[in-house]
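Asker: Contents are PDB, C-alpha atoms and all ligand atoms; file name model.pdb:
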```pdb
ATOM      1  CA  MET T 856       0.082   0.467   8.716
ATOM      2  CA  ALA T 857       1.075   4.052   8.686
ATOM      3  CA  PHE T 858       3.401   5.850  10.993
ATOM      4  CA  PRO T 859       6.149   3.252  11.239
ATOM      5  CA  GLU T 860       9.159   4.080  13.294
ATOM      6  CA  GLU T 861      12.335   4.836  11.425
ATOM      7  CA  GLY T 862      15.071   2.294  12.095
ATOM      8  CA  GLN T 863      12.723  -0.574  12.924
ATOM      9  CA  GLY T 864      11.705  -3.403  10.654
ATOM     10  CA  PRO T 865      12.714  -3.435   6.998
ATOM     11  CA  VAL T 866      15.244  -1.085   5.481
ATOM     12  CA  LEU T 867      13.497   2.056   4.321
ATOM     13  CA  VAL T 868      14.275   4.009   1.175
ATOM     14  CA  PRO T 869      16.108   7.180   2.187
ATOM     15  CA  GLY T 870      14.271  10.431   1.581
ATOM     16  CA  ARG T 871      10.795   8.938   1.636
ATOM     17  CA  ASP T 872       8.305   9.408   4.426
ATOM     18  CA  CYS T 873       4.609   8.897   5.043
ATOM     19  CA  GLY T 874       3.897  12.581   5.613
ATOM     20  CA  SER T 875       0.157  13.130   5.535
ATOM     21  CA  CYS T 876      -0.551   9.802   3.818
ATOM     22  CA  SER T 877      -2.851   7.398   5.637
ATOM     23  CA  LEU T 878      -3.745   5.042   2.802
ATOM     24  CA  CYS T 879      -2.609   1.946   4.649
ATOM     25  CA  CYS T 880      -4.957   2.920   7.506
ATOM     26  CA  ILE T 881      -7.863   3.263   5.082
ATOM     27  CA  LEU T 882      -7.675   0.855   2.116
ATOM     28  CA  PRO T 883      -6.993  -2.633   3.550
ATOM     29  CA  ASP T 884      -9.322  -4.691   5.655
ATOM     30  CA  ILE T 885      -7.674  -5.418   8.999
ATOM     31  CA  ALA T 886      -9.170  -8.436  10.700
ATOM     32  CA  GLU T 887      -7.486  -7.754  14.052
ATOM     33  CA  PHE T 888      -9.785  -4.849  14.741
ATOM     34  CA  ASP T 889     -12.685  -5.544  12.407
ATOM     35  CA  LYS T 890     -11.752  -2.800  10.011
ATOM     36  CA  PRO T 891     -13.459  -3.198   6.646
ATOM     37  CA  ALA T 892     -11.709  -2.249   3.413
ATOM     38  CA  ASN T 893     -11.901   1.322   2.147
ATOM     39  CA  GLN T 894     -12.920   2.855   5.446
ATOM     40  CA  PRO T 895     -10.651   4.799   7.768
ATOM     41  CA  CYS T 896      -9.538   2.936  10.858
ATOM     42  CA  ARG T 897     -11.376   4.182  13.922
ATOM     43  CA  HIS T 898      -8.027   5.403  15.234
ATOM     44  CA  CYS T 899      -7.340   7.694  12.250
ATOM     45  CA  LEU T 900      -7.105  11.346  13.167
ATOM     46  CA  PRO T 901      -8.408  14.066  10.834
ATOM     47  CA  GLY T 902      -5.562  15.228   8.604
ATOM     48  CA  GLY T 903      -3.411  12.183   9.319
ATOM     49  CA  GLY T 904      -2.096  10.478  12.404
ATOM     50  CA  CYS T 905      -3.190   7.773  14.774
ATOM     51  CA  ASP T 906      -4.814   8.315  18.151
ATOM     52  CA  ALA T 907      -3.548   4.919  19.294
ATOM     53  CA  TYR T 908       0.021   5.382  18.090
ATOM     54  CA  ASP T 909       1.711   4.172  21.275
ATOM     55  CA  VAL T 910      -0.442   1.061  21.539
ATOM     56  CA  ARG T 911      -1.073   0.335  17.873
ATOM     57  CA  PRO T 912      -1.000  -3.396  17.078
ATOM     58  CA  SER T 913       1.998  -5.172  15.620
ATOM     59  CA  THR T 914       0.230  -5.291  12.261
ATOM     60  CA  CYS T 915       0.616  -1.526  12.157
ATOM     61  CA  ARG T 916       4.085  -1.367  13.705
ATOM     62  CA  GLU T 917       5.582  -3.760  11.197
ATOM     63  CA  PHE T 918       3.907  -2.567   8.044
ATOM     64  CA  TYR T 919       5.449  -0.425   5.324
ATOM     65  CA  CYS T 920       4.043  -0.124   1.846
ATOM     66  CA  LEU T 921       6.316  -1.025  -1.042
ATOM     67  CA  TRP T 922       7.019   2.598  -1.901
ATOM     68  CA  ARG T 923       8.716   2.977   1.489
ATOM     69  CA  THR T 924      10.890  -0.121   1.110
ATOM     70  CA  ASP T 925      11.615  -0.701  -2.579
ATOM     71  CA  PRO T 926      13.963   1.809  -4.208
ATOM     72  CA  THR T 927      13.127   0.414  -7.661
ATOM     73  CA  LEU T 928       9.616   1.782  -7.274
ATOM     74  CA  GLY T 929       9.781   5.298  -8.704
ATOM     75  CA  ASP T 930       8.351   8.429  -7.193
ATOM     76  CA  ASP T 931       5.347   8.148  -9.519
ATOM     77  CA  TRP T 932       4.234   5.484  -7.072
ATOM     78  CA  GLU T 933       4.179   7.689  -4.012
ATOM     79  CA  PRO T 934       0.779   6.764  -2.557
ATOM     80  CA  ARG T 935      -0.374  10.366  -2.202
ATOM     81  CA  LEU T 936       0.266  10.835  -5.926
ATOM     82  CA  SER T 937      -0.619   7.432  -7.372
ATOM     83  CA  ARG T 938      -3.570   6.993  -5.002
ATOM     84  CA  MET T 939      -2.568   3.365  -4.664
ATOM     85  CA  MET T 940      -0.936   1.343  -1.957
ATOM     86  CA  LEU T 941       1.284  -1.591  -2.903
ATOM     87  CA  TYR T 942       2.538  -4.408  -0.755
ATOM     88  CA  ALA T 943       4.399  -7.594  -1.549
ATOM     89  CA  GLN T 944       4.000 -11.043  -0.041
ATOM     90  CA  GLY T 945       6.793 -13.102  -1.521
ATOM     91  CA  PRO T 946       6.462 -12.951  -5.285
ATOM     92  CA  GLN T 947       2.860 -11.733  -5.063
ATOM     93  CA  LEU T 948       2.157  -8.028  -5.396
ATOM     94  CA  THR T 949      -1.129  -6.565  -4.193
ATOM     95  CA  VAL T 950      -2.317  -3.153  -5.328
ATOM     96  CA  LEU T 951      -5.122  -1.374  -3.480
ATOM     97  CA  VAL T 952      -6.567   1.576  -5.386
ATOM     98  CA  GLU T 953      -8.430   4.415  -3.676
ATOM     99  CA  PRO T 954     -12.087   3.958  -4.713
ATOM    100  CA  GLU T 955     -12.326   7.651  -5.643
ATOM    101  CA  ALA T 956      -9.330   7.304  -7.970
ATOM    102  CA  GLY T 957     -11.240   5.065 -10.380
ATOM    103  CA  ALA T 958      -9.065   3.449 -13.008
ATOM    104  CA  ILE T 959      -5.910   5.498 -12.391
ATOM    105  CA  TRP T 960      -3.959   2.259 -12.315
ATOM    106  CA  LEU T 961      -4.689   1.813 -16.050
ATOM    107  CA  GLU T 962      -2.820   5.021 -16.836
ATOM    108  CA  ALA T 963       0.864   5.423 -17.672
ATOM    109  CA  PRO T 964       3.249   4.659 -16.133
ATOM    110  CA  TYR T 965       1.304   2.407 -13.777
ATOM    111  CA  LEU T 966      -0.203  -0.222 -16.075
ATOM    112  CA  GLY T 967       3.048  -0.848 -17.941
ATOM    113  CA  TRP T 968       4.944  -1.269 -14.681
ATOM    114  CA  LEU T 969       2.346  -3.697 -13.297
ATOM    115  CA  GLU T 970       2.446  -5.801 -16.444
ATOM    116  CA  ALA T 971       6.245  -5.884 -16.365
ATOM    117  CA  ARG T 972       6.219  -6.859 -12.692
ATOM    118  CA  ALA T 973       3.809  -9.721 -13.394
ATOM    119  CA  ARG T 974       6.076 -10.995 -16.153
ATOM    120  CA  ALA T 975       9.101 -10.768 -13.871
ATOM    121  CA  VAL T 976       7.582 -12.745 -10.980
ATOM    122  CA  LYS T 977       5.767 -15.326 -13.067
ATOM    123  CA  PRO T 978       8.697 -17.801 -13.069
ATOM    124  CA  GLU T 979       8.525 -17.809  -9.243
ATOM    125  CA  GLY T 980       4.787 -18.482  -9.303
ATOM    126  CA  GLY T 981       4.042 -14.853  -8.534
ATOM    127  CA  TYR T 982       1.370 -12.554  -9.868
ATOM    128  CA  VAL T 983      -0.048  -9.067  -9.462
ATOM    129  CA  VAL T 984      -3.556  -8.428  -8.180
ATOM    130  CA  VAL T 985      -5.237  -5.026  -8.402
ATOM    131  CA  TYR T 986      -8.250  -4.168  -6.258
ATOM    132  CA  SER T 987     -10.139  -1.081  -7.412
ATOM    133  CA  ALA T 988     -13.701   0.150  -7.024
ATOM    134  CA  GLU T 989     -14.629  -1.191 -10.428
ATOM    135  CA  SER T 990     -12.786  -4.466 -10.584
ATOM    136  CA  LEU T 991     -10.422  -7.087  -9.314
ATOM    137  CA  VAL T 992      -7.791  -7.811 -11.945
ATOM    138  CA  VAL T 993      -5.057 -10.432 -11.751
ATOM    139  CA  PHE T 994      -1.957 -10.275 -13.946
ATOM    140  CA  LYS T 995      -0.260 -13.651 -14.282
TER     141      LYS T 995
HETATM  142  S1  LIG V1001       0.610   3.796   2.401
HETATM  143 FE1  LIG V1001       2.871   3.867   2.561
HETATM  144  S2  LIG V1001       3.386   6.049   2.492
HETATM  145 FE2  LIG V1001       1.191   5.879   2.987
HETATM  146  S3  LIG V1001       1.081   5.903   5.230
HETATM  147 FE3  LIG V1001       1.174   3.757   4.597
HETATM  148  S4  LIG V1001       3.370   3.198   4.662
HETATM  149 FE4  LIG V1001       3.222   5.445   4.658
HETATM  150  S1  LIG V1002      -4.333   1.674  14.637
HETATM  151 FE1  LIG V1002      -3.360   3.570  13.910
HETATM  152  S2  LIG V1002      -1.669   2.904  12.590
HETATM  153 FE2  LIG V1002      -3.076   1.150  12.840
HETATM  154  S3  LIG V1002      -4.527   1.243  11.076
HETATM  155 FE3  LIG V1002      -5.453   2.347  12.811
HETATM  156  S4  LIG V1002      -4.854   4.508  12.497
HETATM  157 FE4  LIG V1002      -3.465   3.234  11.262
END
```
Hey, can you dump this file as structure tokens for me?
Ligand code: SF4
Ligand code: SF4
Answerer:
Amino acid sequence: MAFPEEGQGPVLVPGRDCGSCSLCCILPDIAEFDKPANQPCRHCLPGGGCDAYDVRPSTCREFYCLWRTDPTLGDDWEPRLSRMMLYAQGPQLTVLVEPEAGAIWLEAPYLGWLEARARAVKPEGGYVVVYSAESLVVFK
């Protein structure tokens, strides 16, 4: 989830930070504390931040979206700009789109990159899945 501590967990891309972004505290469902998808966590503070920062669960402490950890992901993918949050689980890539952002993921450069990623991970059995308000689309 948001607000990871620099220097812990995976190597972070230099020069990138979460800033006011809270997408990973809003878009995913988080079973540990019964948080449904597309609703702010009950610990989200207005304008960004977490009121349980010091005691946030390990799910939050260990999470970074792909934009924070993958230098091959360009700045077009900054979650505040793209309105999407990406995370990888092995060769699988999951894309969560802000419901209010509609089909932004179909626009350039996003769709082309997602298609290319699906082609690249296919030999490993990977795929790309996009969750948006309108649809669930899988690229294989
Ligand atoms: S979605 Fe990414 S950039 Fe946004 S708060 Fe979470 S880790 Fe930070
Ligand atoms: S506990 Fe804090 S860091 Fe974790 S999802 Fe909620 S607001 Fe985000």
Asker: Just how far from CA of Glu989 (chain T) is CA of Pro891 (chain T), in Å to one decimal?
Answerer: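 These two atoms are separated by 17.2 Å.
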Asker: Show me which residues line ligand LIG 1002 (chain V), defined as having an atom within 7 Å of a ligand atom where all atoms listed in the file count, and present them as a PyMOL selection string.
Answerer: chain T and resi 856-858+879-880+896-899+904-908+911-912+915
Asker: Hey, can you spit out that residue selection with C-alpha atoms as a PDB file, in the frame of the given file?
Answerer:
```pdb
ATOM      1  CA  MET T 856       0.082   0.467   8.716  1.00  0.00           C
ATOM      2  CA  ALA T 857       1.075   4.052   8.686  1.00  0.00           C
ATOM      3  CA  PHE T 858       3.401   5.850  10.993  1.00  0.00           C
ATOM      4  CA  CYS T 879      -2.609   1.946   4.649  1.00  0.00           C
ATOM      5  CA  CYS T 880      -4.957   2.920   7.506  1.00  0.00           C
ATOM      6  CA  CYS T 896      -9.538   2.936  10.858  1.00  0.00           C
ATOM      7  CA  ARG T 897     -11.376   4.182  13.922  1.00  0.00           C
ATOM      8  CA  HIS T 898      -8.027   5.403  15.234  1.00  0.00           C
ATOM      9  CA  CYS T 899      -7.340   7.694  12.250  1.00  0.00           C
ATOM     10  CA  GLY T 904      -2.096  10.478  12.404  1.00  0.00           C
ATOM     11  CA  CYS T 905      -3.190   7.773  14.774  1.00  0.00           C
ATOM     12  CA  ASP T 906      -4.814   8.315  18.151  1.00  0.00           C
ATOM     13  CA  ALA T 907      -3.548   4.919  19.294  1.00  0.00           C
ATOM     14  CA  TYR T 908       0.021   5.382  18.090  1.00  0.00           C
ATOM     15  CA  ARG T 911      -1.073   0.335  17.873  1.00  0.00           C
ATOM     16  CA  PRO T 912      -1.000  -3.396  17.078  1.00  0.00           C
ATOM     17  CA  CYS T 915       0.616  -1.526  12.157  1.00  0.00           C
TER      18      CYS T 915
END
```
Asker: For this file, the PyMOL selection byres (((chain T and resi 935) around 12) and not hetatm) selects which residues, as a list in words?
Answerer: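 Matching residues under the PyMOL selection byres (((chain T and resi 935) around 12) and not hetatm) are Arg871, Asp872, Cys873, Gly874, Ser875, Cys876, Ser877, Leu878, Cys879, Trp922, Asp930, Asp931, Trp932, Glu933, Pro934, Leu936, Ser937, Arg938, Met939, Met940, Val952, Glu953 and Ala956 of chain T.
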Asker: Is it possible to get the axis-aligned box enclosing region 911-920 of chain T (all listed atoms, 6 Å extra per side) as AutoDock Vina command-line options, with centre and edge lengths in Å rounded to one decimal?
Answerer:
```
--center_x 2.3 --center_y -2.5 --center_z 9.9 --size_x 18.7 --size_y 17.6 --size_z 28.0
```
Asker: Which residues match the PyMOL selection byres (((chain T and resi 884) around 12) and not hetatm) in the file above, as a short mmCIF file (atom, residue, chain, number, x, y, z; two decimals) with C-alpha atoms, keeping the file's coordinate frame?
Answerer:
```
data_model
loop_
_atom_site.label_atom_id
_atom_site.label_comp_id
_atom_site.auth_asym_id
_atom_site.auth_seq_id
_atom_site.Cartn_x
_atom_site.Cartn_y
_atom_site.Cartn_z
CA MET T 856 0.08 0.47 8.72
CA LEU T 878 -3.74 5.04 2.80
CA CYS T 879 -2.61 1.95 4.65
CA CYS T 880 -4.96 2.92 7.51
CA ILE T 881 -7.86 3.26 5.08
CA LEU T 882 -7.68 0.86 2.12
CA PRO T 883 -6.99 -2.63 3.55
CA ILE T 885 -7.67 -5.42 9.00
CA ALA T 886 -9.17 -8.44 10.70
CA GLU T 887 -7.49 -7.75 14.05
CA PHE T 888 -9.78 -4.85 14.74
CA ASP T 889 -12.68 -5.54 12.41
CA LYS T 890 -11.75 -2.80 10.01
CA PRO T 891 -13.46 -3.20 6.65
CA ALA T 892 -11.71 -2.25 3.41
CA ASN T 893 -11.90 1.32 2.15
CA GLN T 894 -12.92 2.86 5.45
CA PRO T 895 -10.65 4.80 7.77
CA CYS T 896 -9.54 2.94 10.86
CA THR T 914 0.23 -5.29 12.26
CA LEU T 951 -5.12 -1.37 -3.48
CA TYR T 986 -8.25 -4.17 -6.26
#
```
Asker: Fix up region 931-964 of chain T with N, CA and C atoms, then write it as a short mmCIF file (atom, residue, chain, number, x, y, z; two decimals), in the coordinates of the input.
Answerer:
```cif
data_model
loop_
_atom_site.label_atom_id
_atom_site.label_comp_id
_atom_site.auth_asym_id
_atom_site.auth_seq_id
_atom_site.Cartn_x
_atom_site.Cartn_y
_atom_site.Cartn_z
N ASP T 931 6.72 8.13 -9.00
CA ASP T 931 5.35 8.15 -9.52
C ASP T 931 4.42 7.32 -8.63
N TRP T 932 5.03 6.41 -7.90
CA TRP T 932 4.23 5.48 -7.07
C TRP T 932 4.02 5.99 -5.65
N GLU T 933 4.46 7.17 -5.36
CA GLU T 933 4.18 7.69 -4.01
C GLU T 933 2.67 7.62 -3.79
N PRO T 934 2.22 7.00 -2.71
CA PRO T 934 0.78 6.76 -2.56
C PRO T 934 -0.08 8.03 -2.62
N ARG T 935 0.44 9.14 -2.13
CA ARG T 935 -0.37 10.37 -2.20
C ARG T 935 -0.58 10.81 -3.64
N LEU T 936 0.34 10.46 -4.51
CA LEU T 936 0.27 10.84 -5.93
C LEU T 936 -0.45 9.76 -6.75
N SER T 937 -0.06 8.52 -6.57
CA SER T 937 -0.62 7.43 -7.37
C SER T 937 -2.02 7.04 -6.90
N ARG T 938 -2.29 7.35 -5.62
CA ARG T 938 -3.57 6.99 -5.00
C ARG T 938 -3.75 5.47 -4.94
N MET T 939 -2.60 4.82 -4.81
CA MET T 939 -2.57 3.36 -4.66
C MET T 939 -1.60 3.00 -3.56
N MET T 940 -1.86 1.88 -2.93
CA MET T 940 -0.94 1.34 -1.96
C MET T 940 -0.53 -0.05 -2.41
N LEU T 941 0.77 -0.30 -2.45
CA LEU T 941 1.28 -1.59 -2.90
C LEU T 941 1.95 -2.30 -1.74
N TYR T 942 1.75 -3.62 -1.69
CA TYR T 942 2.54 -4.41 -0.76
C TYR T 942 2.82 -5.77 -1.36
N ALA T 943 3.95 -6.32 -0.99
CA ALA T 943 4.40 -7.59 -1.55
C ALA T 943 4.35 -8.66 -0.48
N GLN T 944 3.95 -9.85 -0.89
CA GLN T 944 4.00 -11.04 -0.04
C GLN T 944 4.71 -12.09 -0.87
N GLY T 945 6.00 -12.24 -0.65
CA GLY T 945 6.79 -13.10 -1.52
C GLY T 945 6.74 -12.55 -2.93
N PRO T 946 6.51 -13.43 -3.91
CA PRO T 946 6.46 -12.95 -5.28
C PRO T 946 5.12 -12.33 -5.68
N GLN T 947 4.16 -12.32 -4.74
CA GLN T 947 2.86 -11.73 -5.06
C GLN T 947 2.85 -10.25 -4.73
N LEU T 948 2.31 -9.47 -5.64
CA LEU T 948 2.16 -8.03 -5.40
C LEU T 948 0.68 -7.69 -5.36
N THR T 949 0.26 -7.00 -4.31
CA THR T 949 -1.13 -6.56 -4.19
C THR T 949 -1.18 -5.05 -4.32
N VAL T 950 -2.13 -4.58 -5.10
CA VAL T 950 -2.32 -3.15 -5.33
C VAL T 950 -3.72 -2.78 -4.87
N LEU T 951 -3.83 -1.87 -3.92
CA LEU T 951 -5.12 -1.37 -3.48
C LEU T 951 -5.28 0.04 -4.00
N VAL T 952 -6.35 0.28 -4.75
CA VAL T 952 -6.57 1.58 -5.39
C VAL T 952 -7.64 2.33 -4.60
N GLU T 953 -7.40 3.60 -4.32
CA GLU T 953 -8.43 4.42 -3.68
C GLU T 953 -9.70 4.35 -4.51
N PRO T 954 -10.85 4.05 -3.91
CA PRO T 954 -12.09 3.96 -4.71
C PRO T 954 -12.36 5.23 -5.52
N GLU T 955 -12.05 6.38 -4.96
CA GLU T 955 -12.33 7.65 -5.64
C GLU T 955 -11.38 7.89 -6.81
N ALA T 956 -10.31 7.11 -6.90
CA ALA T 956 -9.33 7.30 -7.97
C ALA T 956 -9.68 6.51 -9.22
N GLY T 957 -10.77 5.77 -9.19
CA GLY T 957 -11.24 5.07 -10.38
C GLY T 957 -10.20 4.15 -10.98
N ALA T 958 -9.96 4.34 -12.26
CA ALA T 958 -9.06 3.45 -13.01
C ALA T 958 -7.69 4.08 -13.20
N ILE T 959 -7.22 4.85 -12.26
CA ILE T 959 -5.91 5.50 -12.39
C ILE T 959 -4.81 4.47 -12.65
N TRP T 960 -5.00 3.28 -12.14
CA TRP T 960 -3.96 2.26 -12.32
C TRP T 960 -3.80 1.83 -13.77
N LEU T 961 -4.79 2.15 -14.62
CA LEU T 961 -4.69 1.81 -16.05
C LEU T 961 -3.89 2.85 -16.83
N GLU T 962 -3.54 3.94 -16.16
CA GLU T 962 -2.82 5.02 -16.84
C GLU T 962 -1.32 4.75 -16.80
N ALA T 963 -0.59 5.48 -17.69
CA ALA T 963 0.86 5.42 -17.67
C ALA T 963 1.37 6.27 -16.49
N PRO T 964 2.43 5.82 -15.84
CA PRO T 964 3.25 4.66 -16.13
C PRO T 964 2.80 3.40 -15.38
#
```
